$ cat start.txt   # compact mmCIF, C-alpha atoms and all ligand atoms
# COMPACT_ATOMS: atom_id res chain seq x y z
CA MET C 1 4.28 -11.32 -15.70
CA LYS C 2 1.90 -13.73 -17.35
CA THR C 3 0.31 -12.58 -20.57
CA THR C 4 -3.26 -13.25 -21.52
CA SER C 5 -3.13 -13.56 -25.27
CA GLU C 6 -6.30 -15.69 -25.28
CA ASN C 7 -8.37 -12.62 -24.42
CA SER C 8 -7.97 -9.65 -26.70
CA SER C 9 -9.39 -7.20 -24.15
CA CYS C 10 -6.21 -7.50 -22.05
CA SER C 11 -3.06 -5.57 -22.74
CA ILE C 12 0.15 -7.51 -23.09
CA ASN C 13 1.50 -7.17 -19.57
CA GLU C 14 -1.68 -7.61 -17.61
CA LYS C 15 -2.02 -10.66 -15.41
CA SER C 16 -4.75 -13.18 -15.91
CA ALA C 17 -7.05 -11.90 -13.15
CA CYS C 18 -7.70 -8.75 -15.17
CA CYS C 19 -10.17 -10.68 -17.27
CA SER C 20 -12.30 -12.16 -14.52
CA PRO C 21 -15.80 -10.70 -14.31
CA LYS C 22 -15.59 -7.65 -12.03
CA GLU C 23 -16.72 -8.38 -8.49
CA THR C 24 -18.70 -5.36 -7.43
CA LYS C 25 -19.94 -6.40 -3.99
CA PRO C 26 -17.99 -4.82 -1.12
CA ASN C 27 -16.16 -7.26 1.12
CA ASN C 28 -18.13 -6.33 4.23
CA ASP C 29 -16.36 -8.83 6.48
CA LEU C 30 -12.97 -7.39 5.60
CA ILE C 31 -14.19 -3.82 6.03
CA ALA C 32 -15.69 -4.70 9.43
CA HIS C 33 -12.46 -6.45 10.44
CA TRP C 34 -10.30 -3.42 9.74
CA ASP C 35 -12.78 -0.85 11.08
CA SER C 36 -12.89 -2.81 14.31
CA ALA C 37 -9.09 -3.12 14.47
CA TYR C 38 -8.83 0.67 14.39
CA GLU C 39 -11.69 1.21 16.83
CA LYS C 40 -10.77 -1.28 19.52
CA SER C 41 -7.35 0.07 20.42
CA PRO C 42 -5.64 3.45 20.39
CA ILE C 43 -3.73 4.09 17.14
CA GLU C 44 -0.43 4.36 19.04
CA LYS C 45 -0.89 0.80 20.36
CA LEU C 46 -1.52 -0.89 17.01
CA GLY C 47 1.02 -3.52 16.01
CA TRP C 48 2.03 -1.52 12.93
CA TYR C 49 2.10 2.02 14.38
CA GLU C 50 5.23 4.03 13.68
CA LYS C 51 5.90 7.28 15.49
CA ILE C 52 8.30 8.19 12.68
CA PRO C 53 8.28 6.04 9.52
CA GLU C 54 12.06 6.18 9.20
CA PRO C 55 12.75 3.49 6.56
CA THR C 56 10.06 4.95 4.32
CA ILE C 57 11.46 8.47 4.66
CA GLU C 58 14.88 7.09 3.71
CA LEU C 59 13.44 5.63 0.49
CA LEU C 60 11.31 8.71 -0.21
CA ASN C 61 14.48 10.82 -0.16
CA LYS C 62 16.03 8.61 -2.84
CA CYS C 63 13.14 9.40 -5.21
CA GLN C 64 13.90 13.14 -5.31
CA LEU C 65 10.31 13.95 -6.17
CA THR C 66 9.08 17.48 -6.77
CA LYS C 67 6.66 18.86 -4.19
CA HIS C 68 3.85 18.52 -6.78
CA ALA C 69 4.48 14.83 -7.40
CA HIS C 70 1.38 12.66 -7.01
CA ILE C 71 1.96 10.34 -4.04
CA LEU C 72 -0.50 7.53 -3.42
CA ASN C 73 -0.40 5.75 -0.06
CA VAL C 74 -2.41 2.55 -0.44
CA GLY C 75 -3.80 0.88 2.68
CA ALA C 76 -2.63 3.96 4.54
CA GLY C 77 -4.71 3.31 7.65
CA ALA C 78 -3.66 5.91 10.18
CA THR C 79 -0.03 6.04 9.08
CA THR C 80 2.17 8.91 10.19
CA PHE C 81 3.75 8.96 6.72
CA VAL C 82 0.91 11.22 5.52
CA ASP C 83 1.72 13.64 8.35
CA VAL C 84 5.35 13.61 7.21
CA LEU C 85 4.37 14.33 3.60
CA CYS C 86 2.24 17.28 4.71
CA GLN C 87 5.08 18.59 6.90
CA LEU C 88 7.43 18.33 3.93
CA SER C 89 4.96 20.41 1.86
CA TYR C 90 4.02 17.78 -0.69
CA THR C 91 0.87 19.11 -2.34
CA ASN C 92 -0.56 16.14 -4.23
CA ILE C 93 -1.18 13.35 -1.73
CA THR C 94 -3.81 10.63 -2.02
CA ALA C 95 -4.52 8.32 0.92
CA ASN C 96 -6.49 5.13 0.43
CA ASP C 97 -7.81 2.46 2.75
CA ILE C 98 -10.61 -0.08 2.84
CA SER C 99 -11.43 1.15 6.36
CA VAL C 100 -13.15 4.52 6.57
CA LYS C 101 -12.55 4.50 10.34
CA SER C 102 -8.79 4.35 9.90
CA LEU C 103 -8.80 7.32 7.53
CA ASP C 104 -11.08 9.23 9.92
CA PHE C 105 -8.47 8.79 12.67
CA LEU C 106 -5.78 10.03 10.32
CA LYS C 107 -7.86 13.02 9.25
CA ARG C 108 -8.53 13.95 12.87
CA ARG C 109 -4.85 13.74 13.74
CA LEU C 110 -3.89 15.90 10.78
CA GLY C 111 -6.49 18.52 11.61
CA THR C 112 -8.86 20.31 9.26
CA GLU C 113 -6.39 22.38 7.29
CA LYS C 114 -3.88 19.62 6.51
CA SER C 115 -6.54 16.99 5.86
CA LYS C 116 -8.02 19.26 3.19
CA GLN C 117 -4.69 18.99 1.34
CA VAL C 118 -5.10 15.21 1.03
CA LYS C 119 -7.44 13.32 -1.31
CA TRP C 120 -9.17 10.48 0.58
CA ILE C 121 -10.26 7.31 -1.16
CA VAL C 122 -12.06 4.54 0.69
CA ASP C 123 -11.71 1.61 -1.67
CA ASP C 124 -10.67 -2.03 -1.82
CA LEU C 125 -7.36 -2.55 -3.61
CA THR C 126 -8.55 -5.94 -4.79
CA ASN C 127 -11.93 -4.75 -6.03
CA SER C 128 -11.59 -1.06 -6.78
CA ASN C 129 -14.35 1.27 -7.87
CA THR C 130 -12.51 4.57 -7.55
CA LEU C 131 -8.78 3.98 -7.31
CA ASP C 132 -8.64 2.58 -10.82
CA LYS C 133 -9.85 5.93 -12.16
CA ILE C 134 -7.46 8.33 -10.41
CA ALA C 135 -4.67 10.29 -12.12
CA PRO C 136 -1.36 8.46 -12.62
CA VAL C 137 1.03 8.52 -9.69
CA ASP C 138 4.70 9.36 -9.26
CA LEU C 139 5.01 7.29 -6.10
CA TRP C 140 2.97 4.30 -4.96
CA TYR C 141 3.58 3.55 -1.28
CA ASP C 142 2.52 0.37 0.50
CA ARG C 143 3.68 -0.70 3.94
CA ALA C 144 2.19 -3.86 5.38
CA VAL C 145 -0.74 -4.17 2.96
CA PHE C 146 0.27 -6.30 -0.04
CA HIS C 147 1.34 -9.16 2.22
CA PHE C 148 -2.30 -9.65 3.28
CA PHE C 149 -3.18 -10.75 -0.25
CA THR C 150 -2.37 -14.42 0.13
CA GLU C 151 -4.33 -15.53 -2.94
CA GLN C 152 -2.75 -15.14 -6.33
CA LYS C 153 -5.87 -13.64 -7.87
CA ASP C 154 -5.78 -10.77 -5.34
CA GLN C 155 -2.03 -10.30 -5.87
CA ASN C 156 -2.69 -10.09 -9.61
CA VAL C 157 -5.49 -7.56 -9.26
CA TYR C 158 -3.29 -5.45 -6.99
CA MET C 159 -0.35 -5.58 -9.38
CA ASN C 160 -2.56 -4.74 -12.35
CA LEU C 161 -3.85 -1.66 -10.53
CA LEU C 162 -0.30 -0.65 -9.63
CA SER C 163 0.82 -1.10 -13.25
CA LYS C 164 -2.11 0.95 -14.46
CA LEU C 165 -1.43 3.85 -12.10
CA VAL C 166 2.34 4.22 -11.77
CA LYS C 167 3.77 6.60 -14.39
CA PRO C 168 6.79 5.70 -16.52
CA LYS C 169 9.84 6.50 -14.33
CA GLY C 170 7.50 6.55 -11.34
CA TYR C 171 8.47 4.88 -8.06
CA VAL C 172 7.05 2.16 -5.84
CA ILE C 173 7.95 1.69 -2.18
CA LEU C 174 6.74 -1.73 -1.09
CA ALA C 175 7.35 -2.97 2.45
CA ALA C 176 6.17 -6.43 3.52
CA PHE C 177 7.01 -9.02 6.15
CA ASN C 178 10.22 -10.76 5.19
CA LEU C 179 10.93 -14.48 5.30
CA GLU C 180 11.64 -14.21 9.03
CA GLY C 181 8.47 -12.17 9.53
CA ALA C 182 5.21 -13.09 11.22
CA THR C 183 2.73 -15.40 9.52
CA THR C 184 -0.30 -13.47 10.76
CA CYS C 185 -1.07 -9.83 11.49
CA SER C 186 -4.22 -8.42 13.02
CA GLY C 187 -5.50 -12.02 13.17
CA LEU C 188 -5.22 -12.47 9.39
CA PRO C 189 -2.78 -14.70 7.48
CA VAL C 190 0.01 -12.94 5.60
CA LYS C 191 2.50 -14.00 2.96
CA GLN C 192 6.19 -13.42 3.56
CA TYR C 193 8.55 -12.04 0.94
CA ASP C 194 12.13 -11.35 0.07
CA GLN C 195 13.32 -8.86 -2.52
CA THR C 196 13.42 -11.47 -5.31
CA MET C 197 9.84 -12.53 -4.64
CA LEU C 198 8.73 -8.90 -4.70
CA GLN C 199 10.63 -8.30 -7.95
CA ASN C 200 8.82 -11.32 -9.42
CA GLN C 201 5.51 -9.85 -8.36
CA MET C 202 6.38 -6.45 -9.84
CA GLY C 203 7.49 -7.90 -13.16
CA ASN C 204 10.04 -6.80 -15.74
CA SER C 205 8.69 -3.28 -16.20
CA PHE C 206 10.07 -2.31 -12.79
CA THR C 207 13.71 -2.07 -11.73
CA LEU C 208 14.64 -2.78 -8.14
CA LEU C 209 16.72 0.23 -7.03
CA GLU C 210 17.17 -0.63 -3.39
CA SER C 211 16.10 -3.09 -0.74
CA PHE C 212 16.88 -3.80 2.89
CA ASP C 213 15.60 -5.83 5.79
CA TYR C 214 14.29 -3.85 8.71
CA THR C 215 13.38 -4.87 12.24
CA TYR C 216 10.33 -2.92 13.38
CA SER C 217 9.66 -2.57 17.11
CA MET C 218 5.96 -2.75 17.90
CA PRO C 219 4.46 -0.57 20.65
CA SER C 220 4.28 -3.78 22.77
CA GLY C 221 8.07 -4.12 22.50
CA ALA C 222 7.90 -7.22 20.28
CA THR C 223 9.60 -7.03 16.91
CA ARG C 224 8.51 -7.73 13.33
CA GLU C 225 10.83 -8.37 10.41
CA TYR C 226 10.16 -6.43 7.22
CA VAL C 227 11.72 -6.17 3.79
CA TYR C 228 11.65 -2.69 2.25
CA THR C 229 11.97 -2.27 -1.51
CA LEU C 230 12.18 0.70 -3.86
CA PHE C 231 11.31 0.09 -7.52
CA GLN C 232 11.29 2.41 -10.51
CA ARG C 233 9.20 1.90 -13.58
CA LYS C 234 11.24 1.66 -16.78
C1 LIG N 1 -1.18 -3.50 8.96
S1 LIG N 1 -2.12 -2.15 8.43
C2 LIG N 1 -0.90 -1.05 7.78
C3 LIG N 1 -1.41 0.38 7.72
C4 LIG N 1 -0.38 1.39 7.16
N1 LIG N 1 0.06 1.05 5.85
C5 LIG N 1 0.78 1.55 8.10
O1 LIG N 1 1.91 1.21 7.72
O2 LIG N 1 0.56 2.03 9.21
C6 LIG N 1 -2.88 -2.76 6.94
C7 LIG N 1 -3.82 -1.74 6.32
O3 LIG N 1 -4.29 -2.23 5.06
C8 LIG N 1 -5.66 -1.91 4.94
N2 LIG N 1 -6.24 -2.86 3.97
C9 LIG N 1 -6.37 -4.20 4.13
N3 LIG N 1 -6.91 -4.75 3.04
C10 LIG N 1 -7.14 -3.73 2.17
C11 LIG N 1 -7.69 -3.67 0.87
N4 LIG N 1 -8.12 -4.77 0.25
N5 LIG N 1 -7.77 -2.46 0.26
C12 LIG N 1 -7.32 -1.34 0.89
N6 LIG N 1 -6.80 -1.35 2.13
C13 LIG N 1 -6.70 -2.53 2.76
C14 LIG N 1 -6.19 -2.04 6.35
O4 LIG N 1 -7.40 -1.39 6.58
C15 LIG N 1 -5.04 -1.46 7.16
O5 LIG N 1 -5.18 -0.07 7.34
$ encode --input "start.txt" --output "structure tokens" --more "lines below"
Ligand SMILES: C[S@@+](CC[C@H](N)C(=O)[O-])C[C@H]1O[C@@H](n2cnc3c(N)ncnc32)[C@H](O)[C@@H]1O
Amino acid sequence: MKTTSENSSCSINEKSACCSPKETKPNNDLIAHWDSAYEKSPIEKLGWYEKIPEPTIELLNKCQLTKHAHILNVGAGATTFVDVLCQLSYTNITANDISVKSLDFLKRRLGTEKSKQVKWIVDDLTNSNTLDKIAPVDLWYDRAVFHFFTEQKDQNVYMNLLSKLVKPKGYVILAAFNLEGATTCSGLPVKQYDQTMLQNQMGNSFTLLESFDYTYSMPSGATREYVYTLFQRK
């Protein structure tokens, strides 16, 4: 990670974007884009829908978390991983997305009782107002979100937030399109990664415990190539 010794308000491992003046205006175009993506087609037809998030469950099992562990799913959308966590009796789940519509779909699917067990945070990972103030997390989970941040300043803001929130010995599951993956998703450009590139993004405070490539079959039958990684904070 780059250090920012020129500015004394930054801690040693923070990336340079931490010192830019805070942008407080919501990115209404991005919010509208994602709200519309979730409204214009059934959840089960979205190009990232998983009936069972198998590769994530595989990595979750490696973490051996207690049922009280704080699990943060960033850019959760309407993911079925939150359903899985509820079924497995995890009691401290936070789901975030920039799109309130996506989280509303997820809440409805979970039903009133289960959705009360989850903390819901509508916030922008690259311009957070709330996420940056939550309790530290034992597991940060991101599937198909970080790769949308094609500009380095957004990648830096994201990684600074992650570094701020993940506890020592805490875990990060990060899944992105791999080098064979698509170059756009939901009409937006994405950046492709391999495990080394993700390790570089995460920096030296995180150890890569496991990674694998995974071919995801979309509801349309087309496939998308992902790289899944599991990191642990030192
Ligand atoms: C391709 S979807 C993946 C959704 C979910 N992670 C899954 O695997 O089903 C990308 C998600 O990232 C969310 N997203 C995009 N930019 C975001 C941002 N800046 N902050 C928070 N969420 C964001 C979108 O609303 C969308 O739900």
$ residues_around --input "start.txt" --residues "region 100-115 of chain C" --least-positions-apart "4" --cutoff "9 Å" --atoms "only C-alpha atoms" --output "compact mmCIF listing (two decimals) with C-alpha atoms, in the coordinates of the input"
# COMPACT_ATOMS: atom_id res chain seq x y z
CA ILE C 31 -14.19 -3.82 6.03
CA TRP C 34 -10.30 -3.42 9.74
CA ASP C 35 -12.78 -0.85 11.08
CA SER C 36 -12.89 -2.81 14.31
CA ALA C 37 -9.09 -3.12 14.47
CA TYR C 38 -8.83 0.67 14.39
CA GLU C 39 -11.69 1.21 16.83
CA ILE C 43 -3.73 4.09 17.14
CA ALA C 76 -2.63 3.96 4.54
CA GLY C 77 -4.71 3.31 7.65
CA ALA C 78 -3.66 5.91 10.18
CA THR C 79 -0.03 6.04 9.08
CA THR C 80 2.17 8.91 10.19
CA VAL C 82 0.91 11.22 5.52
CA ASP C 83 1.72 13.64 8.35
CA CYS C 86 2.24 17.28 4.71
CA ALA C 95 -4.52 8.32 0.92
CA ASN C 96 -6.49 5.13 0.43
CA LYS C 119 -7.44 13.32 -1.31
CA TRP C 120 -9.17 10.48 0.58
CA ILE C 121 -10.26 7.31 -1.16
CA VAL C 122 -12.06 4.54 0.69
CA ASP C 123 -11.71 1.61 -1.67
$ residues_around --input "start.txt" --residues "Thr183 (chain C)" --least-positions-apart "5" --cutoff "10 Å" --atoms "only C-alpha atoms" --output "number ranges by chain"
C: 147-148, 177-178, 188-192
$ residues_around --input "start.txt" --residues "Phe81 (chain C)" --least-positions-apart "4" --cutoff "9 Å" --atoms "all atoms listed in the file" --output "list in words"
Glu50, Ile52, Pro53, Thr56, Ile57, Asn73, Ala76, Leu85 and Cys86 of chain C
$ atom_distance --input "start.txt" --atom1 "CA of Ala144 (chain C)" --atom2 "CA of Glu44 (chain C)"
16.2 Å
$ residues_around --input "start.txt" --residues "Lys25 (chain C)" --least-positions-apart "4" --cutoff "12 Å" --atoms "all atoms listed in the file" --output "PyMOL selection string"
chain C and resi 21+29-31+123-124+126-129
$ atom_distance --input "start.txt" --atom1 "atom O3 of ligand LIG 1 (chain N)" --atom2 "CA of Tyr90 (chain C)"
22.4 Å
$ closest_residue --input "start.txt" --among "C:Ile173, C:Leu125, C:Met197, C:Val84" --to "ligand LIG 1 (chain N)" --atoms "all atoms listed in the file"
C:Leu125
$ closest_residue --input "start.txt" --among "C:Pro219, C:Gly203, C:Gly187, C:Gly181" --to "Met159 (chain C)" --atoms "all atoms listed in the file"
C:Gly203
$ atom_distance --input "start.txt" --atom1 "CA of Glu180 (chain C)" --atom2 "CA of Tyr226 (chain C)"
8.1 Å
$ closest_residue --input "start.txt" --among "C:Asn92, C:Gln155, C:Thr229, C:Ser220" --to "ligand LIG 1 (chain N)" --atoms "all atoms listed in the file"
C:Gln155
$ closest_residue --input "start.txt" --among "C:Ile98, C:Ile93, C:Val157, C:Leu46" --to "Gln117 (chain C)" --atoms "only C-alpha atoms"
C:Ile93
